[in-house]
$ cat my_file.pdb   # PDB, C-alpha atoms
ATOM      1  CA  LEU D  30      14.399  21.235  -3.562
ATOM      2  CA  GLN D  31      13.422  17.630  -4.175
ATOM      3  CA  ALA D  32      12.690  15.998  -7.547
ATOM      4  CA  PHE D  33      10.572  12.920  -8.209
ATOM      5  CA  ASP D  34      10.583  10.749 -11.331
ATOM      6  CA  VAL D  35       7.042  10.593 -12.760
ATOM      7  CA  THR D  36       7.874   8.809 -16.020
ATOM      8  CA  GLY D  37       6.344   5.650 -14.598
ATOM      9  CA  VAL D  38       3.006   7.449 -14.686
ATOM     10  CA  HIS D  39       3.445   9.416 -17.923
ATOM     11  CA  SER D  40       6.479  10.107 -20.095
ATOM     12  CA  GLY D  41       5.109  12.447 -22.757
ATOM     13  CA  PRO D  42       5.026  16.261 -22.835
ATOM     14  CA  THR D  43       2.695  18.441 -20.738
ATOM     15  CA  LYS D  44       1.909  15.594 -18.375
ATOM     16  CA  PHE D  45       0.000  17.364 -15.633
ATOM     17  CA  ALA D  46      -1.559  20.750 -14.998
ATOM     18  CA  GLY D  47      -2.976  21.762 -11.625
ATOM     19  CA  CYS D  48      -1.872  20.426  -8.242
ATOM     20  CA  ALA D  49      -3.875  20.135  -5.009
ATOM     21  CA  TYR D  50      -2.762  19.374  -1.460
ATOM     22  CA  LEU D  51      -4.870  16.766   0.338
ATOM     23  CA  GLY D  52      -3.173  16.881   3.729
ATOM     24  CA  ASP D  53      -1.127  14.105   5.361
ATOM     25  CA  ASP D  54       1.710  15.047   2.967
ATOM     26  CA  VAL D  55      -0.224  13.937  -0.118
ATOM     27  CA  PHE D  56      -0.405  15.956  -3.342
ATOM     28  CA  VAL D  57      -2.524  15.170  -6.396
ATOM     29  CA  CYS D  58      -1.909  16.563  -9.896
ATOM     30  CA  SER D  59      -4.623  16.771 -12.541
ATOM     31  CA  PRO D  60      -3.955  14.959 -15.846
ATOM     32  CA  PHE D  61      -3.489  17.184 -18.882
ATOM     33  CA  ASN D  62      -2.083  14.755 -21.448
ATOM     34  CA  SER D  63      -1.503  11.918 -18.971
ATOM     35  CA  ASP D  64      -4.012   9.064 -18.765
ATOM     36  CA  ALA D  65      -3.654   8.946 -14.992
ATOM     37  CA  ILE D  66      -3.966  11.237 -12.004
ATOM     38  CA  LEU D  67      -0.624  11.681 -10.238
ATOM     39  CA  ARG D  68      -0.557  10.985  -6.488
ATOM     40  CA  LEU D  69       2.633  12.020  -4.702
ATOM     41  CA  CYS D  70       3.740  11.602  -1.091
ATOM     42  CA  PRO D  71       7.099  13.420  -0.617
ATOM     43  CA  THR D  72       7.767  11.944   2.829
ATOM     44  CA  SER D  73       7.727   8.334   1.618
ATOM     45  CA  GLY D  74       8.821   9.173  -1.930
ATOM     46  CA  THR D  75       5.773   7.344  -3.291
ATOM     47  CA  VAL D  76       4.755   8.324  -6.833
ATOM     48  CA  GLU D  77       1.612   6.639  -8.142
ATOM     49  CA  GLY D  78      -0.725   6.965 -11.073
ATOM     50  CA  ARG D  79      -4.440   6.312 -10.810
ATOM     51  CA  ALA D  80      -5.792   5.411 -14.247
ATOM     52  CA  LEU D  81      -8.561   7.523 -15.715
ATOM     53  CA  PRO D  82     -11.816   5.973 -16.945
ATOM     54  CA  GLU D  83     -11.256   4.281 -20.300
ATOM     55  CA  ARG D  84     -13.380   6.801 -22.193
ATOM     56  CA  LEU D  85     -10.892   9.567 -21.286
ATOM     57  CA  ARG D  86      -7.669   7.749 -22.084
ATOM     58  CA  GLY D  87      -5.706   8.717 -25.190
ATOM     59  CA  ARG D  88      -7.208  12.191 -25.357
ATOM     60  CA  LYS D  89      -5.092  15.342 -25.171
ATOM     61  CA  SER D  90      -5.611  18.483 -23.097
ATOM     62  CA  LYS D  91      -7.977  16.797 -20.664
ATOM     63  CA  PHE D  92      -7.964  18.682 -17.347
ATOM     64  CA  ASN D  93      -6.136  21.726 -16.042
ATOM     65  CA  ALA D  94      -6.733  23.363 -12.633
ATOM     66  CA  CYS D  95      -7.740  21.300  -9.619
ATOM     67  CA  THR D  96      -8.681  21.932  -6.023
ATOM     68  CA  SER D  97      -9.339  19.810  -2.950
ATOM     69  CA  ILE D  98     -12.406  19.971  -0.723
ATOM     70  CA  ASP D  99     -12.629  17.722   2.353
ATOM     71  CA  GLY D 100     -10.376  15.054   0.838
ATOM     72  CA  LEU D 101     -12.015  15.178  -2.588
ATOM     73  CA  VAL D 102     -10.035  16.499  -5.567
ATOM     74  CA  VAL D 103     -12.011  18.251  -8.281
ATOM     75  CA  CYS D 104     -10.307  18.687 -11.665
ATOM     76  CA  SER D 105     -11.817  21.233 -14.051
ATOM     77  CA  PRO D 106     -12.127  20.169 -17.698
ATOM     78  CA  PHE D 107     -10.087  21.668 -20.503
ATOM     79  CA  SER D 108     -11.610  19.690 -23.376
ATOM     80  CA  PRO D 109     -13.893  16.997 -21.855
ATOM     81  CA  SER D 110     -17.445  17.976 -20.967
ATOM     82  CA  GLU D 111     -17.257  16.571 -17.447
ATOM     83  CA  LEU D 112     -15.556  17.221 -14.135
ATOM     84  CA  LEU D 113     -13.059  14.693 -12.768
ATOM     85  CA  LEU D 114     -13.422  13.727  -9.109
ATOM     86  CA  TYR D 115     -10.784  11.828  -7.141
ATOM     87  CA  SER D 116     -11.251  10.471  -3.617
ATOM     88  CA  ASP D 117      -8.000   9.769  -1.803
ATOM     89  CA  ALA D 118      -9.892   7.848   0.880
ATOM     90  CA  VAL D 119     -11.042   5.353  -1.745
ATOM     91  CA  HIS D 120      -7.514   5.111  -3.166
ATOM     92  CA  VAL D 121      -5.982   4.491   0.265
ATOM     93  CA  ARG D 122      -8.627   1.899   1.163
ATOM     94  CA  VAL D 123      -8.155  -0.045  -2.077
ATOM     95  CA  ALA D 124      -4.361   0.115  -1.735
ATOM     96  CA  SER D 125      -4.623  -1.210   1.824
ATOM     97  CA  GLU D 126      -6.805  -4.128   0.758
ATOM     98  CA  GLU D 127      -4.234  -5.103  -1.884
ATOM     99  CA  GLN D 128      -1.170  -4.801   0.370
ATOM    100  CA  GLY D 129       1.143  -7.675   1.197
ATOM    101  CA  ILE D 130       4.074  -8.057   3.599
ATOM    102  CA  SER D 131       7.678  -8.454   2.484
ATOM    103  CA  LEU D 132       9.513 -11.714   3.091
ATOM    104  CA  ASP D 133      12.381  -9.728   4.588
ATOM    105  CA  PHE D 134      10.063  -8.426   7.320
ATOM    106  CA  LEU D 135       8.785 -11.929   8.120
ATOM    107  CA  PHE D 136      12.245 -13.486   8.224
ATOM    108  CA  ASN D 137      13.758 -10.745  10.362
ATOM    109  CA  ASP D 138      11.722  -8.172  12.300
ATOM    110  CA  PHE D 139       8.620 -10.315  12.781
ATOM    111  CA  LYS D 140      10.637 -13.406  13.746
ATOM    112  CA  GLN D 141      12.725 -11.459  16.266
ATOM    113  CA  LYS D 142       9.713  -9.755  17.820
ATOM    114  CA  ALA D 143       7.790 -13.031  17.971
ATOM    115  CA  GLU D 144      10.627 -14.836  19.729
ATOM    116  CA  ALA D 145      11.184 -11.940  22.136
ATOM    117  CA  SER D 146       7.527 -11.588  23.104
ATOM    118  CA  ILE D 147       6.842 -15.267  23.783
ATOM    119  CA  LYS D 148       8.690 -17.370  26.341
ATOM    120  CA  GLU D 149       8.233 -20.561  24.329
ATOM    121  CA  GLN D 150      11.185 -21.428  22.124
ATOM    122  CA  ASP D 151       9.110 -22.131  19.016
ATOM    123  CA  PRO D 152       5.626 -20.590  19.448
ATOM    124  CA  CYS D 153       2.622 -21.345  17.297
ATOM    125  CA  PHE D 154       0.489 -18.567  15.867
ATOM    126  CA  HIS D 155      -2.099 -18.903  18.629
ATOM    127  CA  ASP D 156       0.696 -17.826  20.969
ATOM    128  CA  LEU D 157       1.489 -14.862  18.719
ATOM    129  CA  LYS D 158      -2.019 -13.427  18.467
ATOM    130  CA  GLY D 159      -0.939 -10.478  20.614
ATOM    131  CA  LEU D 160       1.218  -9.231  17.743
ATOM    132  CA  VAL D 161      -1.859  -9.011  15.528
ATOM    133  CA  TYR D 162      -4.522  -7.660  17.882
ATOM    134  CA  GLY D 163      -4.583  -6.286  21.398
ATOM    135  CA  ASP D 164      -2.588  -3.642  23.259
ATOM    136  CA  GLU D 165       0.794  -4.945  22.055
ATOM    137  CA  ALA D 166      -0.189  -5.409  18.403
ATOM    138  CA  TYR D 167       1.727  -3.690  15.611
ATOM    139  CA  GLY D 168      -1.375  -1.728  14.637
ATOM    140  CA  HIS D 169      -2.609  -0.783  18.113
ATOM    141  CA  GLY D 170      -3.483   2.902  18.289
ATOM    142  CA  LYS D 171      -2.818   3.509  14.597
ATOM    143  CA  LEU D 172      -5.544   4.770  12.290
ATOM    144  CA  CYS D 173      -7.023   2.147   9.976
ATOM    145  CA  PRO D 174      -6.964   3.360   6.337
ATOM    146  CA  ARG D 175     -10.023   1.269   5.493
ATOM    147  CA  ASP D 176     -12.568   2.639   7.970
ATOM    148  CA  ARG D 177     -10.581   5.526   9.563
ATOM    149  CA  ALA D 178     -11.172   3.969  13.014
ATOM    150  CA  PRO D 179      -8.452   3.437  15.652
ATOM    151  CA  HIS D 180      -6.273   0.294  15.412
ATOM    152  CA  CYS D 181      -5.265  -1.216  12.094
ATOM    153  CA  ALA D 182      -4.145  -4.471  10.531
ATOM    154  CA  LEU D 183      -0.523  -5.576  10.732
ATOM    155  CA  VAL D 184       0.101  -4.768   7.070
ATOM    156  CA  ASP D 185      -1.159  -1.195   7.523
ATOM    157  CA  ALA D 186       1.100  -0.580  10.519
ATOM    158  CA  LEU D 187       4.382  -1.387   8.763
ATOM    159  CA  PRO D 188       6.760   1.071   7.076
ATOM    160  CA  THR D 189       6.261   1.524   3.339
ATOM    161  CA  ALA D 190       9.521  -0.319   2.638
ATOM    162  CA  GLU D 191       8.109  -3.492   4.215
ATOM    163  CA  THR D 192       4.908  -3.615   2.168
ATOM    164  CA  GLY D 193       3.802  -3.681  -1.454
ATOM    165  CA  LYS D 194       0.994  -4.920  -3.630
ATOM    166  CA  ALA D 195       0.506  -8.578  -2.733
ATOM    167  CA  THR D 196       2.030 -11.008  -5.222
ATOM    168  CA  HIS D 197       1.252 -14.308  -3.470
ATOM    169  CA  PHE D 198      -1.421 -15.672  -1.140
ATOM    170  CA  VAL D 199      -0.173 -17.738   1.802
ATOM    171  CA  SER D 200      -2.477 -20.088   3.675
ATOM    172  CA  TRP D 201      -1.470 -21.703   6.945
ATOM    173  CA  VAL D 202      -2.971 -23.079  10.166
ATOM    174  CA  TRP D 203      -2.628 -21.120  13.400
ATOM    175  CA  SER D 204      -1.481 -24.231  15.220
ATOM    176  CA  TYR D 205       1.629 -24.433  13.008
ATOM    177  CA  LYS D 206       4.882 -23.552  14.739
ATOM    178  CA  LEU D 207       6.617 -20.354  13.685
ATOM    179  CA  SER D 208       9.611 -22.328  12.450
ATOM    180  CA  VAL D 209       7.421 -24.458  10.184
ATOM    181  CA  VAL D 210       5.808 -21.498   8.428
ATOM    182  CA  LEU D 211       8.973 -19.414   8.101
ATOM    183  CA  GLY D 212      11.035 -22.445   7.132
ATOM    184  CA  ALA D 213       8.603 -23.377   4.358
ATOM    185  CA  LEU D 214       8.540 -19.791   3.095
ATOM    186  CA  GLN D 215      12.341 -19.610   3.167
ATOM    187  CA  ASP D 216      12.711 -22.874   1.213
ATOM    188  CA  TRP D 217      10.224 -21.619  -1.374
ATOM    189  CA  ALA D 218      11.776 -18.139  -1.555
ATOM    190  CA  ASP D 219      15.233 -19.590  -2.188
ATOM    191  CA  GLN D 220      13.883 -21.006  -5.444
ATOM    192  CA  GLN D 221      12.407 -17.702  -6.638
ATOM    193  CA  ASP D 222      13.939 -14.882  -8.636
ATOM    194  CA  GLY D 223      13.544 -11.341  -7.330
ATOM    195  CA  LYS D 224      12.731 -12.185  -3.730
ATOM    196  CA  ALA D 225      12.721  -8.507  -2.832
ATOM    197  CA  SER D 226       9.659  -7.971  -5.042
ATOM    198  CA  ILE D 227       7.608 -10.718  -3.342
ATOM    199  CA  PHE D 228       4.872  -9.586  -0.943
ATOM    200  CA  VAL D 229       2.614 -12.141   0.700
ATOM    201  CA  TRP D 230      -1.026 -11.789   1.715
TER
END
$ encode --input "my_file.pdb" --output "structure tokens"
Amino acid sequence: LQAFDVTGVHSGPTKFAGCAYLGDDVFVCSPFNSDAILRLCPTSGTVEGRALPERLRGRKSKFNACTSIDGLVVCSPFSPSELLLYSDAVHVRVASEEQGISLDFLFNDFKQKAEASIKEQDPCFHDLKGLVYGDEAYGHGKLCPRDRAPHCALVDALPTAETGKATHFVSWVWSYKLSVVLGALQDWADQQDGKASIFVW
């Protein structure tokens, strides 16, 4: 048995009612008293809440049973006079578009792979384009969560531990050397609190 803490989504009584399996190790629970649908992925341990429309929030005994049909979850109403529909494809696409990369990944795994794949001692990002697209790219052969087509962006190819909702936007020029970009990020990061919670886009 495995237990997951859902208090970050809802902490009151009778939180959720029905549960539906979407495939790809994703479960969705219909909101009874909660103001959010619960999305759970046991493999990664991810527990998320997707907020209900504002008109439904604060109400009790909202939805009970739910079922999934071709990736769409349908929650039957208990007290509202409307069905609740949830599309996991939309959720995954939006989450992907908001994702950022951890500083730890940039300072370690990415730096090591960049230096190992390029003969130059301090490559620029033009030299590193093969890590982003092409046969040797991180996302080569992996399904893109945004359009469900083969090959995905770097951020979508990384383990869950290396990504999170972007907190900062980083702009740089491809002709910059790797050491310049990582050095500037390291100097900036050393001045920040909670570096582990920083994800750059």
$ residues_around --input "my_file.pdb" --residues "range 163-176 of chain D" --least-positions-apart "2" --cutoff "8 Å" --atoms "only C-alpha atoms" --output "PyMOL selection string"
chain D and resi 118+121-123+125-126+159-161+178-183+185-187
$ residues_around --input "my_file.pdb" --residues "Val202 in chain D" --least-positions-apart "4" --cutoff "12 Å" --atoms "only C-alpha atoms" --output "PDB file with C-alpha atoms, in the frame of the given file"
ATOM      1  CA  CYS D 153       2.622 -21.345  17.297  1.00  0.00           C
ATOM      2  CA  PHE D 154       0.489 -18.567  15.867  1.00  0.00           C
ATOM      3  CA  HIS D 155      -2.099 -18.903  18.629  1.00  0.00           C
ATOM      4  CA  LYS D 206       4.882 -23.552  14.739  1.00  0.00           C
ATOM      5  CA  LEU D 207       6.617 -20.354  13.685  1.00  0.00           C
ATOM      6  CA  VAL D 209       7.421 -24.458  10.184  1.00  0.00           C
ATOM      7  CA  VAL D 210       5.808 -21.498   8.428  1.00  0.00           C
TER       8      VAL D 210
END
$ atom_distance --input "my_file.pdb" --atom1 "CA of Gly87 in chain D" --atom2 "CA of Ala32 in chain D"
26.5 Å
$ closest_residue --input "my_file.pdb" --among "D:Gly193, D:Ser208, D:Tyr162, D:Ala213" --to "Gln141 in chain D" --atoms "only C-alpha atoms"
D:Ser208
$ closest_residue --input "my_file.pdb" --among "D:His39, D:Arg86, D:Arg177, D:Lys91" --to "Leu67 in chain D" --atoms "only C-alpha atoms"
D:His39
$ closest_residue --input "my_file.pdb" --among "D:Val102, D:Val35, D:Ile130, D:Leu81" --to "Ala49 in chain D" --atoms "all atoms listed in the file"
D:Val102
